[in-house]
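All remarks here apply to the structure that follows.
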Amino acid sequence: MTAGGEGKQALILLRDVHKSYYRDKIEIPVLTGVSMTVGAGEFLALMGPSGSGKSTILNLIAGIDTPTRGAIDVAGSSLGTLKPAQLSAWRARNVGFIFQLYNLIPVLTAFQNVELPLLLTKLNGSERKKRVRLALELVGLQDRDHHYPHQLSGGQEQRVAIARAIVGDPTLLVADEPTGDLDAKNAAEVLTLLQRLNREMGKTIVMVTHDPHAAERADAVLHLDKGVLKEQEAARA
Amino acid sequence: MAFIPLAYNVRNLAARRTSTSLTALGIAAVAWVFIFTLALAGGFEAALRTTGSAKNAIVIRNGASSELMSIVSREAADAVAAQPEVARAADGAPLEASELVVIWNLERKSGNTTNVIVRGVTPRSLALRENARLLAGRMFRPGVEEIVVGKMLSERFKHCGLNERIQLAGRVWTVVGILDADGSAYDSEIWGDVELFMPIFDRPVFQNVTLRLDDPSHFEALKKRIEADPRFSLQVRREDEFYAAQSGMMATLLRTLGLFVTLIMALGAVFGALNTMYASVSSRTKEIGTLLALGFSRGAVMLSILIESTILCVFGGLIGCLLALPVRSFTTGTMSFASFSELAFRFQVTPGMLLGGVLFAACMGLVGGFFPARRAARMPITEAVRQA
Amino acid sequence: MKFLGYITAHLWRHKRRSFLTVFSIAVALFLFATLRTVMTSFDSALRASADTRLVVRHAASLVFPLPLAYRDRIRQVQGVTGVSYGNWFGGYYQDPKNQFAQFAVDVPTILDLFPEILLSPEEIAAFRAERNSCIIGQGLARKWGWKRGDTVPISGTIFPGDWRFVVRGIYKGKTTDIDENTLFFHWDYMNEALPAARQDYVGIYWVRTANRDEAASVSARIDALYENSPQPTKTETEKAFQASFISMMGNVSLLLTILGSAILFAIMLVTVNTMMMAARERTTEIAVLKTLGFTDGLVLRLVAAEAILVSVVGGVIGSGAAWLVFLRSDFTANGMFPSFRVIPETLAWGLLLAVAMGLLSGLVPAVQAARLRIAGALRRVA
């Protein structure tokens with residue numbers, strides 16, 4: 001199955017991806033043969049009950065986990081062939097990650113949190129400052145740059161996290177339950193922001209969620225159950 | 001008041017195994033240093049303390065604080081020997097010895113040199129020292145160039161083994177015996193015939209008269225009579241008190257150094273213990289909140305944390321004690337200021353020192369646990385329970 | 001450098017922990033500097049000794065004096081360009097606890113042999129002119145508040161009696177190694193007050209040679225003069241003489257090394273523990289950093305850098321405090337360490353140790369952080 005957006009160039013390509021975890025030498029299969037394609041500029045939602053393997057797919061796409069078997073191509077790189085350091089550099093350049101629990105560094109201000117990914121680039125201090133301001137402006141928090149995470153509301157924290165994800169201008173944003181810890185109003189704001197990033201800035205977004213309202217905002221929705229894509233099952237049947 | 005069971009603390013410590021053992025080992029090292037320095041000063045003191053006997057008196061020049069500064073003429077020595085308080089040997093002769101003390105530069109086995117005490121003694125000198133006996137060989141023969149040496153000196157200096165020959169004052173002497181004085185200062189001395197030593201070392205006078213009292217209670221009478229004698233300017237001291245007083249400055253120095261080092265070091269270790277306990281408390285926020293919610297009083301929570309940190313430090317202290325036990329077998333030598341010569345001694349670890357080490361560790365635990373315990377006790381229940 | 005903000009932010013946010021860690025390291029390094037200064041203070045006497053100066057003493061031991069008559073014969077020995085002499089006085093001020101060095105010296109020659117003792121011409125003239133005068137080091141002057149013109153009472157032990165000296169000069173040392181805690185007074189003044197049997201005996205002679213190459217031959221010549229006399233001499237360079245003095249203290253250096261190692265070890269354990277706790281709390285954060293593209297190596301360096309920073313700050317504070325404390329105080333341990341000063345070499349060692357402690361204490365958490373697998377770490381929390 002190929003998720004929507006035919007005609008556009010494919011940014012993400014998964015071919016027969018398997019992933020198992022081991023607990024006390026007992027194999028626990030999480031993904032059992034997932035293949036999918038996501039086109040550039042697409043906003044895709046992954047849905048499924050907990051334990052279905054949706055976060056695992058996200059981690060694999062973002063290059064923070066490796067498959068047991070199968071190939072993953074993202075943004076022109078075959079992730080399996082990259083060495084750890086290359087993979088880190090690749091992530092810094094291509095992927096922005098948004099977490100359910102925001103995962104801001106508690107000891108850093110909003111500004112410093114957003115600046116973190118830029119520390120990996122060759123940009124100098126003033127260039128970094130400009131970029132960070134831009135990113136914070138985009139999420140509407142330019143006046144909160146000196147606040148620490150604990151001084152911000154959940155919604156604000158998540159917007160700072162989004163600013164951190166986009167500040168390096170990656171092609172791909174991956175979001176793991178970005179609204180999972182937010183109330184309806186803040187959730188809606190965050191989703192609107194993601195939509196804008198997708199439409200106005202052409203970011204490709206892969207979002208894991210179990211909230212149907214959130215999934216509605218996406219261009220396409222894939223359902224995962226027990227390690228396989230339902231759409232694939234349907235195709236096979 | 002309901003107490004939180006001790007098992008809870010023990011289990012907590014066991015759960016944080018790495019952190020617990022690192023902290024305990026740190027405390028152990030502090031306790032070790034504490035005991036080590038006490039054992040050093042204690043050993044030095046013990047060597048001098050056990051040198052003298054309560055049954056003996058020593059007569060030296062009035063005003064002299066050590067044998068080195070003392071002069072006792074032959075006439076004075078004879079007068080002392082004739083006193084009625086002097087005990088008699090089996091043959092009826094007075095049990096006393098007029099002795100000569102010089103210090104001589106000898107080469108250590110390590111190559112460098114230091115002063116040692118060379119004591120001219122009489123055949124009765126050995127009998128006067130109850131803690132001294134011949135370990136090997138025999139006593140020197142009067143009038144012959146023979147010496148006996150203390151066992152520590154024999155181990156530490158060149159040419160001082162049994163049957164070896166050593167040059168002193170231009171003559172060659174044969175070591176015919178090894179003296180074992182039970183760790184006292186005599187173990188660091190060379191003994192030879194006083195009548196032979198006097199001409200060879202060019203000393204016409206004695207440094208002391210050591211005598212056995214026929215009854216220790218007669219000391220005051222003897223002291224009064226001799227010190228009042230206008231012919232001589234002498235003072236009479238109890239032998240044990242005299243030698244014990246010699247340790248004064250060096251022992252104080254060692255003790256002060258030890259105390260200084262240990263206290264400052266303890267400060268550093270307490271900082272570490274504070275860190276450990278703070279972290280332990282903050283990672284247990286929810287747990288502590290639950291305990292409070294269950295109805296345990298704040299006092300009980302505080303006590304429990306204090307007990308936990310004390311257990312941790314006492315455990316460390318016990319390890320320190322265990323590691324300090326082998327220190328007993330260390331021997332070292334240092335200069336005794338009073339005699340300006342080397343005194344070798346064995347480190348002395350007493351039960352009191354070990355107990356002191358554990359108590360010291362316990363104090364560190366109390367101090368290191370107090371503030372974290374107070375923090376735990378003051379935790380607002382609602383927030384604590386809610387926290388992830 | 002741009003990561004400095006990230007590192008300091010952590011230390012700053014956990015102020016109490018950082019403070020405690022920094023100060024426990026400071027304590028360790030303070031003790032290290034102190035103990036090492038005990039050793040270097042012994043050695044300062046070595047550094048202060050001139051190559052061209054020889055010390056002549058009784059062959060058997062320093063406690064045996066030499067006849068004053070030796071002076072004139074030593075002066076005529078080939079290669080000798082100056083002779084002075086003196087006696088260790090060994091007295092105390094008011095209480096036997098208040099010990100410091102006093103020397104009865106031959107005033108006309110002593111300053112010529114010891115050019116490192118600095119006095120004004122007026123002070124020198126006054127010292128020479130008055131028989132019961134003395135000069136004192138500025139350390140002593142500070143400690144007891146003695147001024148020029150004060151009378152200092154000293155109780156003798158080797159030379160019994162109550163002695164009184166008028167301070168006519170306060171000397172400075174040419175370098176910091178020079179002992180500034182000694183009292184020098186007129187040998188003649190002491191000699192005349194002694195009983196006849198003890199008169200005209202000298203503790204040591206100081207002999208100057210034209211250059212250092214002659215030291216050995218001059219020593220041999222002097223000792224040969226008295227080889228078969230009742231009072232044979234032992235002549236050695238001032239350095240060798242001081243070294244034998246130090247060796248009399250026994251294996252102090254071993255004891256201090258044992259103590260120092262135990263201290264560093266203890267504080268080290270405590271620091272390792274703190275660093276590990278700090279890192280453990282930050283597992284998620286490390287995972288986030290890696291997600292953002294921080295490489296394993298960078299994370300390793302960041303965690304290690306934090307430990308080293310803490311350690312170095314502690315080291316600077318501890319070593320600096322030791323330096324300052326002993327510079328300001330007149331600590332001499334009853335005259336045993338006439339110039340108890342933390343030398344630059346000790347400071348350098350202290351800093352090096354601090355870096356090493358930082359490296360070692362940061363090693364385990366840094367490696368753990370580098371090895372952390374992102375997905376696993378994130379899952380543990382979520």
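Scheme for the structure tokens: letters A, B, ... for chains in order shown; per-chain residue numbers from 1; ligand numbers from 1 in order shown.
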field: Spatial neighbours of Leu153 (chain B), max dist 7 Å, only C-alpha atoms, sep filter under 3 positions, as a ChimeraX atom specification
entry: /B:149-150,156-157,187-189
Go ahead and write the selection's residues with N, CA and C atoms as a CSV table (one decimal), in the first residue's frame.
```csv
chain,number,residue,atom,x,y,z
B,149,VAL,N,71.9,-4.4,70.3
B,149,VAL,CA,71.1,-3.4,69.7
B,149,VAL,C,69.6,-3.7,69.8
B,150,GLY,N,68.8,-2.7,69.8
B,150,GLY,CA,67.3,-2.9,69.8
B,150,GLY,C,66.9,-3.5,68.5
B,156,ARG,N,66.4,-1.7,60.9
B,156,ARG,CA,66.4,-0.5,60.1
B,156,ARG,C,67.8,0.1,59.7
B,157,PHE,N,68.8,-0.3,60.4
B,157,PHE,CA,70.1,0.3,60.1
B,157,PHE,C,71.1,-0.7,59.6
B,187,ASP,N,64.0,-0.3,71.9
B,187,ASP,CA,64.1,-1.0,70.6
B,187,ASP,C,64.8,-0.3,69.6
B,188,SER,N,65.0,1.1,69.8
B,188,SER,CA,65.7,1.9,68.8
B,188,SER,C,67.0,2.4,69.4
B,189,GLU,N,67.6,1.6,70.3
B,189,GLU,CA,68.9,2.0,70.9
B,189,GLU,C,70.0,1.0,70.8
```
- prompt: Could you pull the residues within 12 Å of region 196-205 of chain A, counting only C-alpha atoms, minus those fewer than 2 positions along the same chain, as a PyMOL selection string?
  reply: chain A and resi 5+8-12+38-46+58+61-62+74-75+94-98+135+138-139+162-163+165-167+169-176+178+189-194+207-208+215+217-221
With C-alpha atoms retained, could you export that selection as a PDB file, in the first residue's frame?
```pdb
ATOM      1  CA  GLY A   5       0.103  11.794  -2.450  1.00  0.00           C
ATOM      2  CA  LYS A   8       4.852  13.704  -5.414  1.00  0.00           C
ATOM      3  CA  GLN A   9       8.351  12.477  -4.862  1.00  0.00           C
ATOM      4  CA  ALA A  10       8.554   9.841  -2.096  1.00  0.00           C
ATOM      5  CA  LEU A  11      10.399  11.119   0.982  1.00  0.00           C
ATOM      6  CA  ILE A  12      10.007   8.032   3.130  1.00  0.00           C
ATOM      7  CA  VAL A  38       5.274   8.889   2.334  1.00  0.00           C
ATOM      8  CA  GLY A  39       5.560  11.582  -0.301  1.00  0.00           C
ATOM      9  CA  ALA A  40       7.377  14.832   0.217  1.00  0.00           C
ATOM     10  CA  GLY A  41       5.107  17.509   1.678  1.00  0.00           C
ATOM     11  CA  GLU A  42       2.580  15.018   2.950  1.00  0.00           C
ATOM     12  CA  PHE A  43       0.915  15.141   6.435  1.00  0.00           C
ATOM     13  CA  LEU A  44       0.353  11.579   7.520  1.00  0.00           C
ATOM     14  CA  ALA A  45      -1.304  10.327  10.673  1.00  0.00           C
ATOM     15  CA  LEU A  46      -0.547   6.869  12.093  1.00  0.00           C
ATOM     16  CA  LEU A  58       8.048   6.698  14.010  1.00  0.00           C
ATOM     17  CA  ILE A  61      11.677   6.757  10.366  1.00  0.00           C
ATOM     18  CA  ALA A  62      13.402   9.305  12.601  1.00  0.00           C
ATOM     19  CA  VAL A  74      14.314   8.613   4.238  1.00  0.00           C
ATOM     20  CA  ALA A  75      15.176  11.877   2.505  1.00  0.00           C
ATOM     21  CA  ASN A  94      16.648  16.174   8.206  1.00  0.00           C
ATOM     22  CA  VAL A  95      14.397  15.376  11.126  1.00  0.00           C
ATOM     23  CA  GLY A  96      12.558  17.405  13.727  1.00  0.00           C
ATOM     24  CA  PHE A  97      11.090  15.332  16.558  1.00  0.00           C
ATOM     25  CA  ILE A  98       8.069  16.313  18.639  1.00  0.00           C
ATOM     26  CA  ALA A 135      11.183  29.856  15.079  1.00  0.00           C
ATOM     27  CA  LEU A 138       6.398  31.155  14.169  1.00  0.00           C
ATOM     28  CA  VAL A 139       4.958  29.312  17.145  1.00  0.00           C
ATOM     29  CA  ILE A 162       7.847  22.457  17.863  1.00  0.00           C
ATOM     30  CA  ALA A 163      10.031  25.526  17.455  1.00  0.00           C
ATOM     31  CA  ALA A 165      11.943  20.768  15.874  1.00  0.00           C
ATOM     32  CA  ILE A 166      11.757  23.265  13.015  1.00  0.00           C
ATOM     33  CA  VAL A 167      14.583  25.625  13.864  1.00  0.00           C
ATOM     34  CA  ASP A 169      14.727  23.661   8.891  1.00  0.00           C
ATOM     35  CA  PRO A 170      14.442  19.876   8.520  1.00  0.00           C
ATOM     36  CA  THR A 171      12.480  18.337   5.665  1.00  0.00           C
ATOM     37  CA  LEU A 172      10.658  15.937   7.937  1.00  0.00           C
ATOM     38  CA  LEU A 173       8.775  16.415  11.199  1.00  0.00           C
ATOM     39  CA  VAL A 174       7.841  13.374  13.255  1.00  0.00           C
ATOM     40  CA  ALA A 175       5.402  13.829  16.118  1.00  0.00           C
ATOM     41  CA  ASP A 176       4.656  11.159  18.727  1.00  0.00           C
ATOM     42  CA  PRO A 178       1.908  15.630  20.183  1.00  0.00           C
ATOM     43  CA  GLU A 189      -3.741  25.076  18.575  1.00  0.00           C
ATOM     44  CA  VAL A 190      -0.861  22.679  18.244  1.00  0.00           C
ATOM     45  CA  LEU A 191      -2.574  20.824  15.402  1.00  0.00           C
ATOM     46  CA  THR A 192      -3.303  24.072  13.589  1.00  0.00           C
ATOM     47  CA  LEU A 193       0.339  24.944  13.924  1.00  0.00           C
ATOM     48  CA  LEU A 194       1.382  21.592  12.479  1.00  0.00           C
ATOM     49  CA  MET A 207       2.244  12.028  13.361  1.00  0.00           C
ATOM     50  CA  VAL A 208       1.339   9.171  15.665  1.00  0.00           C
ATOM     51  CA  ALA A 215      -5.926  12.422  12.741  1.00  0.00           C
ATOM     52  CA  ARG A 217      -6.114  17.231  10.384  1.00  0.00           C
ATOM     53  CA  ALA A 218      -3.791  14.994   8.400  1.00  0.00           C
ATOM     54  CA  ASP A 219      -3.932  14.469   4.653  1.00  0.00           C
ATOM     55  CA  ALA A 220      -3.929  10.735   5.081  1.00  0.00           C
ATOM     56  CA  VAL A 221      -4.360   8.214   7.882  1.00  0.00           C
TER      57      VAL A 221
END
```
task: Do me a favour and pick out the residues of chain B within 9 Å of chain C, using only C-alpha atoms, as a ChimeraX atom specification.
output: /B:18-20,22-30,32-33,36-37,63-65,69,102-106,112-115,168-169,202,249,253,261-262,264-265,267-276,278-279,283,332-336,340-342
message: as a VMD selection string, please: the residues near Ala126 (chain C) (cut-off 9 Å, only C-alpha atoms, same-chain neighbours under 4 positions excluded).
response: chain C and resid 121 to 122 130 133 168 to 169
Selected residues written out with C-alpha atoms, as a CSV table (one decimal), in the first residue's frame:
```
chain,number,residue,atom,x,y,z
C,121,PRO,CA,72.5,49.6,56.4
C,122,GLU,CA,71.2,51.3,59.6
C,130,GLU,CA,75.2,46.4,70.4
C,133,SER,CA,71.0,43.0,70.1
C,168,ARG,CA,67.7,46.0,66.2
C,169,GLY,CA,66.7,44.7,62.8
```
What are the closest atom pairs, with distances in Å to one decimal, for each residue of chain C lying within 6 Å of chain A, using only C-alpha atoms, rows by chain and rising residue number, as JSON lines?
```
{"residue": "C:Ala9", "atom": "CA", "partner": "A:Val107", "partner_atom": "CA", "distance": 5.9}
{"residue": "C:His10", "atom": "CA", "partner": "A:Val107", "partner_atom": "CA", "distance": 5.8}
{"residue": "C:Arg13", "atom": "CA", "partner": "A:Val107", "partner_atom": "CA", "distance": 5.9}
{"residue": "C:Leu292", "atom": "CA", "partner": "A:Ala92", "partner_atom": "CA", "distance": 5.6}
{"residue": "C:Gly293", "atom": "CA", "partner": "A:Ala92", "partner_atom": "CA", "distance": 4.2}
{"residue": "C:Thr295", "atom": "CA", "partner": "A:Ser88", "partner_atom": "CA", "distance": 5.3}
{"residue": "C:Ile374", "atom": "CA", "partner": "A:Ile64", "partner_atom": "CA", "distance": 6.0}
{"residue": "C:Ala375", "atom": "CA", "partner": "A:Asp65", "partner_atom": "CA", "distance": 5.8}
```
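Counting only C-alpha atoms, the residue from C:Tyr85, C:Trp12, C:Tyr92, C:Trp349 that sits nearest to Ser155 (chain C) is C:Tyr92.
Proximity ranking of C:Leu11, C:Asp51, C:Phe294, C:Val38 relative to Thr237 (chain C) places C:Asp51 first, based on only C-alpha atoms.
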Residues near Asn62 (chain B), cut-off 10 Å, only C-alpha atoms, skip fewer than 3 positions along chain, as a JSON list (two decimals) with N, CA and C atoms, in the first residue's frame:
```json
[["chain", "number", "residue", "atom", "x", "y", "z"],
["B", 59, "VAL", "N", 66.95, 9.73, 87.76],
["B", 59, "VAL", "CA", 67.55, 10.94, 88.34],
["B", 59, "VAL", "C", 68.33, 11.64, 87.24],
["B", 65, "SER", "N", 65.02, 18.53, 80.51],
["B", 65, "SER", "CA", 63.75, 17.91, 80.17],
["B", 65, "SER", "C", 63.98, 16.59, 79.43],
["B", 69, "MET", "N", 70.03, 16.52, 77.75],
["B", 69, "MET", "CA", 70.43, 17.79, 78.37],
["B", 69, "MET", "C", 70.93, 17.57, 79.80],
["B", 70, "SER", "N", 70.99, 16.30, 80.22],
["B", 70, "SER", "CA", 71.28, 16.03, 81.61],
["B", 70, "SER", "C", 72.77, 15.72, 81.83],
["B", 71, "ILE", "N", 73.22, 16.07, 83.01],
["B", 71, "ILE", "CA", 74.58, 15.73, 83.43],
["B", 71, "ILE", "C", 74.48, 15.23, 84.88],
["B", 72, "VAL", "N", 75.02, 14.05, 85.13],
["B", 72, "VAL", "CA", 75.05, 13.55, 86.51],
["B", 72, "VAL", "C", 76.48, 13.10, 86.79],
["B", 227, "GLU", "N", 66.54, 16.03, 95.83],
["B", 227, "GLU", "CA", 66.39, 17.36, 95.25],
["B", 227, "GLU", "C", 66.80, 18.45, 96.26],
["B", 232, "PHE", "N", 74.31, 18.60, 94.98],
["B", 232, "PHE", "CA", 74.00, 18.31, 93.57],
["B", 232, "PHE", "C", 72.76, 19.08, 93.15],
["B", 233, "SER", "N", 72.70, 19.36, 91.89],
["B", 233, "SER", "CA", 71.48, 19.99, 91.36],
["B", 233, "SER", "C", 70.76, 18.94, 90.52],
["B", 234, "LEU", "N", 69.99, 18.09, 91.20],
["B", 234, "LEU", "CA", 69.37, 16.96, 90.52],
["B", 234, "LEU", "C", 67.86, 17.02, 90.67],
["B", 235, "GLN", "N", 67.20, 16.32, 89.76],
["B", 235, "GLN", "CA", 65.76, 16.12, 89.94],
["B", 235, "GLN", "C", 65.43, 14.65, 89.79],
["B", 236, "VAL", "N", 64.41, 14.21, 90.51],
["B", 236, "VAL", "CA", 64.01, 12.81, 90.49],
["B", 236, "VAL", "C", 62.62, 12.74, 89.86]]
```
